[in-house]
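Q: Handing you a structure now.
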Amino acid sequence: MTEVNLGGSCLCGAVQFEIIGEAQRFYHCHCKRCRKLTGSGHASNVLVTPESSLSWKTGEELLRRYKVPEAERFYNCFCSQCGSPMPRVVPELNGVLISAGTLDSDPPIQPQARIFWDSRADWSCSAGDVPVYSEYPPG
């Protein structure tokens, strides 16, 4: 685990946040929901624990949430002005899932896996040096 103190914001800058906690993992997720959420070939997410790691600096009132009705846990938190995905608390993991692209600086860890690889779009990027898993990595 790596201690982090990171800031981030949405595209329009109206929502700003700070994360202070332990970086647990950094995955590129290729599942259909993540592709729809990002509009790209995968979502790049950093999980930081505990869930209290997140504090909103400005714009919390601009946040909106969309929960996929049939999903147990999957939801999107986003800025209502510009649509940027914002960090979302995941109580089941006692953590915060952060879209890496919203961070104002690079996280101190590199991507560790490409998950839900079997769901990836044919046109998506190659795996490169990052290990791939059909679902979640073991353990």
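Here's how to read the names in the structure tokens: chain A, B, ... by the order shown, residue numbers from 1 in each chain, ligand numbers from 1 in the order shown.
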Which residues of stretch 22-88 of chain A come within 8 Å of stretch 121-135 of chain A, and for each one, what is the closest pair of atoms and their distance in Å to one decimal, counting only C-alpha atoms, sorted by chain and residue number, as a tab-separated table?
A:
```
residue	atom	partner	partner_atom	distance
A:His30	CA	A:Ala121	CA	7.7
A:Gly41	CA	A:Ser124	CA	5.0
A:His42	CA	A:Ser124	CA	7.9
```
Q: Could you write out that same residue set with C-alpha atoms as a PDB file, in the first residue's frame?
A:
```
ATOM      1  CA  HIS A  30     -12.813  -3.030 -19.865  1.00  0.00           C
ATOM      2  CA  GLY A  41     -12.217   1.563 -24.374  1.00  0.00           C
ATOM      3  CA  HIS A  42     -11.789   1.319 -20.600  1.00  0.00           C
TER       4      HIS A  42
END
```
Q: Identify, on the basis of only C-alpha atoms, every residue whose closest approach to stretch 11-22 of chain A does not exceed 10 Å; exclude the query and any residue fewer than 2 positions from it along the same chain; express the result as an mmCIF file with N, CA and C atoms, in the first residue's frame.
A:
```cif
data_model
loop_
_atom_site.group_PDB
_atom_site.id
_atom_site.type_symbol
_atom_site.label_atom_id
_atom_site.label_comp_id
_atom_site.auth_asym_id
_atom_site.auth_seq_id
_atom_site.Cartn_x
_atom_site.Cartn_y
_atom_site.Cartn_z
ATOM 1 N N MET A 1 0.832 -1.185 0.000
ATOM 2 C CA MET A 1 0.000 0.000 0.000
ATOM 3 C C MET A 1 0.878 1.250 0.000
ATOM 4 N N THR A 2 0.368 2.274 -0.648
ATOM 5 C CA THR A 2 1.102 3.524 -0.782
ATOM 6 C C THR A 2 0.248 4.671 -0.271
ATOM 7 N N GLU A 3 0.781 5.428 0.671
ATOM 8 C CA GLU A 3 0.067 6.598 1.188
ATOM 9 C C GLU A 3 -0.024 7.656 0.089
ATOM 10 N N VAL A 4 -1.205 8.245 -0.074
ATOM 11 C CA VAL A 4 -1.398 9.269 -1.096
ATOM 12 C C VAL A 4 -2.022 10.516 -0.500
ATOM 13 N N ASN A 5 -1.702 11.635 -1.085
ATOM 14 C CA ASN A 5 -2.352 12.912 -0.831
ATOM 15 C C ASN A 5 -2.481 13.543 -2.204
ATOM 16 N N LEU A 6 -3.666 13.406 -2.792
ATOM 17 C CA LEU A 6 -3.889 13.827 -4.172
ATOM 18 C C LEU A 6 -5.070 14.769 -4.265
ATOM 19 N N GLY A 7 -4.990 15.677 -5.197
ATOM 20 C CA GLY A 7 -6.099 16.551 -5.498
ATOM 21 C C GLY A 7 -6.617 16.265 -6.889
ATOM 22 N N GLY A 8 -7.843 16.670 -7.120
ATOM 23 C CA GLY A 8 -8.425 16.474 -8.443
ATOM 24 C C GLY A 8 -9.580 17.414 -8.662
ATOM 25 N N SER A 9 -10.065 17.419 -9.897
ATOM 26 C CA SER A 9 -11.162 18.308 -10.237
ATOM 27 C C SER A 9 -11.854 17.820 -11.505
ATOM 28 N N GLN A 24 -4.699 1.399 -2.938
ATOM 29 C CA GLN A 24 -4.765 -0.057 -2.899
ATOM 30 C C GLN A 24 -4.499 -0.694 -4.255
ATOM 31 N N ARG A 25 -5.111 -0.103 -5.297
ATOM 32 C CA ARG A 25 -4.947 -0.689 -6.627
ATOM 33 C C ARG A 25 -5.294 0.333 -7.705
ATOM 34 N N LEU A 47 -8.241 2.838 -6.572
ATOM 35 C CA LEU A 47 -8.987 2.615 -5.337
ATOM 36 C C LEU A 47 -8.125 3.056 -4.164
ATOM 37 N N VAL A 48 -8.668 3.969 -3.344
ATOM 38 C CA VAL A 48 -7.987 4.459 -2.148
ATOM 39 C C VAL A 48 -8.871 4.149 -0.947
ATOM 40 N N THR A 49 -8.256 3.664 0.131
ATOM 41 C CA THR A 49 -8.988 3.395 1.364
ATOM 42 C C THR A 49 -8.436 4.280 2.477
ATOM 43 N N PRO A 50 -9.245 4.521 3.502
ATOM 44 C CA PRO A 50 -10.632 4.142 3.704
ATOM 45 C C PRO A 50 -11.578 5.075 2.945
ATOM 46 N N GLU A 51 -12.877 4.803 3.044
ATOM 47 C CA GLU A 51 -13.830 5.644 2.325
ATOM 48 C C GLU A 51 -13.822 7.080 2.840
ATOM 49 N N SER A 52 -13.333 7.294 4.045
ATOM 50 C CA SER A 52 -13.214 8.654 4.588
ATOM 51 C C SER A 52 -12.023 9.414 3.993
ATOM 52 N N SER A 53 -11.296 8.796 3.045
ATOM 53 C CA SER A 53 -10.158 9.440 2.382
ATOM 54 C C SER A 53 -10.567 10.645 1.552
ATOM 55 N N LEU A 54 -11.824 10.716 1.172
ATOM 56 C CA LEU A 54 -12.315 11.732 0.246
ATOM 57 C C LEU A 54 -12.873 12.942 0.982
ATOM 58 N N SER A 55 -12.445 14.119 0.569
ATOM 59 C CA SER A 55 -13.093 15.351 1.035
ATOM 60 C C SER A 55 -13.308 16.259 -0.173
ATOM 61 N N TRP A 56 -14.466 16.898 -0.193
ATOM 62 C CA TRP A 56 -14.819 17.809 -1.275
ATOM 63 C C TRP A 56 -14.359 19.208 -0.903
ATOM 64 N N LYS A 57 -13.586 19.842 -1.749
ATOM 65 C CA LYS A 57 -13.087 21.197 -1.502
ATOM 66 C C LYS A 57 -14.079 22.250 -1.986
ATOM 67 N N THR A 58 -14.610 22.053 -3.192
ATOM 68 C CA THR A 58 -15.629 22.956 -3.741
ATOM 69 C C THR A 58 -16.582 22.152 -4.610
ATOM 70 N N GLY A 59 -17.791 22.672 -4.747
ATOM 71 C CA GLY A 59 -18.739 22.136 -5.719
ATOM 72 C C GLY A 59 -19.484 20.873 -5.352
ATOM 73 N N GLU A 60 -19.441 20.435 -4.121
ATOM 74 C CA GLU A 60 -20.142 19.189 -3.766
ATOM 75 C C GLU A 60 -21.621 19.252 -4.134
ATOM 76 N N GLU A 61 -22.219 20.434 -4.045
ATOM 77 C CA GLU A 61 -23.638 20.588 -4.373
ATOM 78 C C GLU A 61 -23.925 20.366 -5.862
ATOM 79 N N LEU A 62 -22.884 20.382 -6.695
ATOM 80 C CA LEU A 62 -23.044 20.165 -8.135
ATOM 81 C C LEU A 62 -22.993 18.688 -8.524
ATOM 82 N N LEU A 63 -22.670 17.834 -7.571
ATOM 83 C CA LEU A 63 -22.555 16.402 -7.869
ATOM 84 C C LEU A 63 -23.918 15.773 -8.094
ATOM 85 N N PHE A 78 -20.984 12.381 -10.904
ATOM 86 C CA PHE A 78 -20.455 13.280 -11.919
ATOM 87 C C PHE A 78 -20.822 14.727 -11.631
ATOM 88 N N CYS A 79 -20.058 15.632 -12.216
ATOM 89 C CA CYS A 79 -20.343 17.057 -12.125
ATOM 90 C C CYS A 79 -21.539 17.378 -13.020
ATOM 91 N N SER A 80 -22.542 18.043 -12.462
ATOM 92 C CA SER A 80 -23.743 18.363 -13.248
ATOM 93 C C SER A 80 -23.499 19.491 -14.254
ATOM 94 N N GLN A 81 -22.402 20.206 -14.139
ATOM 95 C CA GLN A 81 -22.102 21.276 -15.102
ATOM 96 C C GLN A 81 -21.370 20.764 -16.332
ATOM 97 N N CYS A 82 -20.363 19.898 -16.137
ATOM 98 C CA CYS A 82 -19.553 19.469 -17.283
ATOM 99 C C CYS A 82 -19.610 17.965 -17.551
ATOM 100 N N GLY A 83 -20.170 17.197 -16.644
ATOM 101 C CA GLY A 83 -20.322 15.759 -16.858
ATOM 102 C C GLY A 83 -19.127 14.910 -16.479
ATOM 103 N N SER A 84 -18.052 15.513 -15.993
ATOM 104 C CA SER A 84 -16.867 14.730 -15.625
ATOM 105 C C SER A 84 -17.192 13.726 -14.527
ATOM 106 N N PRO A 85 -16.686 12.498 -14.660
ATOM 107 C CA PRO A 85 -16.869 11.536 -13.573
ATOM 108 C C PRO A 85 -16.071 11.985 -12.355
ATOM 109 N N MET A 86 -16.669 11.854 -11.195
ATOM 110 C CA MET A 86 -16.034 12.261 -9.953
ATOM 111 C C MET A 86 -15.865 11.034 -9.049
ATOM 112 N N PRO A 87 -15.014 11.134 -8.031
ATOM 113 C CA PRO A 87 -14.804 9.987 -7.144
ATOM 114 C C PRO A 87 -16.129 9.499 -6.546
ATOM 115 N N GLY A 95 -13.767 2.059 0.533
ATOM 116 C CA GLY A 95 -12.853 2.862 -0.240
ATOM 117 C C GLY A 95 -13.535 3.865 -1.144
ATOM 118 N N VAL A 96 -12.694 4.551 -1.883
ATOM 119 C CA VAL A 96 -13.121 5.543 -2.858
ATOM 120 C C VAL A 96 -12.525 5.158 -4.197
ATOM 121 N N ILE A 98 -11.558 6.392 -7.817
ATOM 122 C CA ILE A 98 -11.272 7.662 -8.470
ATOM 123 C C ILE A 98 -10.930 7.430 -9.930
ATOM 124 N N GLY A 101 -8.101 10.034 -14.566
ATOM 125 C CA GLY A 101 -8.001 11.229 -15.392
ATOM 126 C C GLY A 101 -8.451 12.504 -14.707
ATOM 127 N N THR A 102 -9.147 12.392 -13.576
ATOM 128 C CA THR A 102 -9.595 13.585 -12.856
ATOM 129 C C THR A 102 -8.556 14.080 -11.859
ATOM 130 N N LEU A 103 -7.483 13.314 -11.664
ATOM 131 C CA LEU A 103 -6.439 13.723 -10.724
ATOM 132 C C LEU A 103 -5.591 14.838 -11.321
ATOM 133 N N ASP A 104 -5.158 15.751 -10.480
ATOM 134 C CA ASP A 104 -4.332 16.880 -10.932
ATOM 135 C C ASP A 104 -2.857 16.518 -11.039
#
```
Q: Run DSSP on the backbone and grab whatever in stretch 65-115 of chain A lands in strand (DSSP E or B); send it over as a ChimeraX atom specification.
A: /A:65-67,75-79,85,88-90,95-99,103,113-115
Q: Can you spit out the residues from that selection as a PDB file, in the first residue's frame, using N, CA and C atoms?
A:
```
ATOM      1  N   ARG A  65     -25.700  11.778  -9.188  1.00  0.00           N
ATOM      2  CA  ARG A  65     -25.409  10.349  -9.117  1.00  0.00           C
ATOM      3  C   ARG A  65     -26.411   9.604 -10.001  1.00  0.00           C
ATOM      4  N   TYR A  66     -25.894   8.643 -10.742  1.00  0.00           N
ATOM      5  CA  TYR A  66     -26.757   7.755 -11.518  1.00  0.00           C
ATOM      6  C   TYR A  66     -26.399   6.324 -11.156  1.00  0.00           C
ATOM      7  N   LYS A  67     -27.389   5.586 -10.672  1.00  0.00           N
ATOM      8  CA  LYS A  67     -27.201   4.179 -10.326  1.00  0.00           C
ATOM      9  C   LYS A  67     -27.817   3.330 -11.423  1.00  0.00           C
ATOM     10  N   TYR A  75     -22.483   2.647  -9.833  1.00  0.00           N
ATOM     11  CA  TYR A  75     -23.114   3.943 -10.053  1.00  0.00           C
ATOM     12  C   TYR A  75     -22.070   4.934 -10.529  1.00  0.00           C
ATOM     13  N   ASN A  76     -22.556   6.014 -11.070  1.00  0.00           N
ATOM     14  CA  ASN A  76     -21.689   7.079 -11.564  1.00  0.00           C
ATOM     15  C   ASN A  76     -21.952   8.328 -10.734  1.00  0.00           C
ATOM     16  N   CYS A  77     -20.903   8.984 -10.314  1.00  0.00           N
ATOM     17  CA  CYS A  77     -20.987  10.275  -9.650  1.00  0.00           C
ATOM     18  C   CYS A  77     -20.323  11.254 -10.609  1.00  0.00           C
ATOM     19  N   PHE A  78     -20.984  12.381 -10.904  1.00  0.00           N
ATOM     20  CA  PHE A  78     -20.455  13.280 -11.919  1.00  0.00           C
ATOM     21  C   PHE A  78     -20.822  14.727 -11.631  1.00  0.00           C
ATOM     22  N   CYS A  79     -20.058  15.632 -12.216  1.00  0.00           N
ATOM     23  CA  CYS A  79     -20.343  17.057 -12.125  1.00  0.00           C
ATOM     24  C   CYS A  79     -21.539  17.378 -13.020  1.00  0.00           C
ATOM     25  N   PRO A  85     -16.686  12.498 -14.660  1.00  0.00           N
ATOM     26  CA  PRO A  85     -16.869  11.536 -13.573  1.00  0.00           C
ATOM     27  C   PRO A  85     -16.071  11.985 -12.355  1.00  0.00           C
ATOM     28  N   ARG A  88     -16.179   8.195  -6.331  1.00  0.00           N
ATOM     29  CA  ARG A  88     -17.388   7.626  -5.737  1.00  0.00           C
ATOM     30  C   ARG A  88     -16.999   6.683  -4.607  1.00  0.00           C
ATOM     31  N   VAL A  89     -17.717   6.820  -3.511  1.00  0.00           N
ATOM     32  CA  VAL A  89     -17.491   5.987  -2.341  1.00  0.00           C
ATOM     33  C   VAL A  89     -18.070   4.604  -2.613  1.00  0.00           C
ATOM     34  N   VAL A  90     -17.299   3.574  -2.263  1.00  0.00           N
ATOM     35  CA  VAL A  90     -17.736   2.182  -2.413  1.00  0.00           C
ATOM     36  C   VAL A  90     -17.669   1.550  -1.020  1.00  0.00           C
ATOM     37  N   GLY A  95     -13.767   2.059   0.533  1.00  0.00           N
ATOM     38  CA  GLY A  95     -12.853   2.862  -0.240  1.00  0.00           C
ATOM     39  C   GLY A  95     -13.535   3.865  -1.144  1.00  0.00           C
ATOM     40  N   VAL A  96     -12.694   4.551  -1.883  1.00  0.00           N
ATOM     41  CA  VAL A  96     -13.121   5.543  -2.858  1.00  0.00           C
ATOM     42  C   VAL A  96     -12.525   5.158  -4.197  1.00  0.00           C
ATOM     43  N   LEU A  97     -13.351   5.107  -5.228  1.00  0.00           N
ATOM     44  CA  LEU A  97     -12.898   4.804  -6.577  1.00  0.00           C
ATOM     45  C   LEU A  97     -12.767   6.120  -7.331  1.00  0.00           C
ATOM     46  N   ILE A  98     -11.558   6.392  -7.817  1.00  0.00           N
ATOM     47  CA  ILE A  98     -11.272   7.662  -8.470  1.00  0.00           C
ATOM     48  C   ILE A  98     -10.930   7.430  -9.930  1.00  0.00           C
ATOM     49  N   SER A  99     -11.620   8.120 -10.822  1.00  0.00           N
ATOM     50  CA  SER A  99     -11.235   8.103 -12.233  1.00  0.00           C
ATOM     51  C   SER A  99      -9.892   8.804 -12.339  1.00  0.00           C
ATOM     52  N   LEU A 103      -7.483  13.314 -11.664  1.00  0.00           N
ATOM     53  CA  LEU A 103      -6.439  13.723 -10.724  1.00  0.00           C
ATOM     54  C   LEU A 103      -5.591  14.838 -11.321  1.00  0.00           C
ATOM     55  N   ALA A 113      -3.373  -3.965 -13.481  1.00  0.00           N
ATOM     56  CA  ALA A 113      -4.081  -5.004 -14.227  1.00  0.00           C
ATOM     57  C   ALA A 113      -5.092  -4.372 -15.173  1.00  0.00           C
ATOM     58  N   ARG A 114      -5.409  -5.143 -16.209  1.00  0.00           N
ATOM     59  CA  ARG A 114      -6.548  -4.842 -17.079  1.00  0.00           C
ATOM     60  C   ARG A 114      -7.592  -5.894 -16.744  1.00  0.00           C
ATOM     61  N   ILE A 115      -8.719  -5.434 -16.210  1.00  0.00           N
ATOM     62  CA  ILE A 115      -9.749  -6.371 -15.749  1.00  0.00           C
ATOM     63  C   ILE A 115     -10.930  -6.397 -16.717  1.00  0.00           C
TER      64      ILE A 115
END
```
Q: Could you pull out the residues in stretch 11-129 of chain A that DSSP calls alpha helix (DSSP H) from the backbone, as a list in words?
A: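 Taking stretch 11-129 of chain A and keeping alpha helix (DSSP H) gives Lys32, Arg33, Cys34, Arg35, Lys36, Leu37 and Thr38 of chain A.
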Q: Could you dump the residues just selected with N, CA and C atoms as a compact mmCIF listing (two decimals), in the first residue's frame?
A:
```
# COMPACT_ATOMS: atom_id res chain seq x y z
N LYS A 32 -18.36 -3.55 -20.03
CA LYS A 32 -19.26 -2.73 -20.84
C LYS A 32 -19.74 -1.49 -20.08
N ARG A 33 -20.01 -1.64 -18.79
CA ARG A 33 -20.48 -0.49 -18.01
C ARG A 33 -19.41 0.60 -17.94
N CYS A 34 -18.17 0.21 -17.70
CA CYS A 34 -17.09 1.21 -17.64
C CYS A 34 -16.85 1.86 -18.99
N ARG A 35 -17.01 1.08 -20.06
CA ARG A 35 -16.86 1.68 -21.39
C ARG A 35 -17.96 2.70 -21.65
N LYS A 36 -19.18 2.37 -21.26
CA LYS A 36 -20.29 3.32 -21.43
C LYS A 36 -20.09 4.55 -20.56
N LEU A 37 -19.62 4.35 -19.34
CA LEU A 37 -19.40 5.45 -18.40
C LEU A 37 -18.38 6.45 -18.93
N THR A 38 -17.30 5.96 -19.52
CA THR A 38 -16.22 6.83 -19.98
C THR A 38 -16.33 7.24 -21.44
```
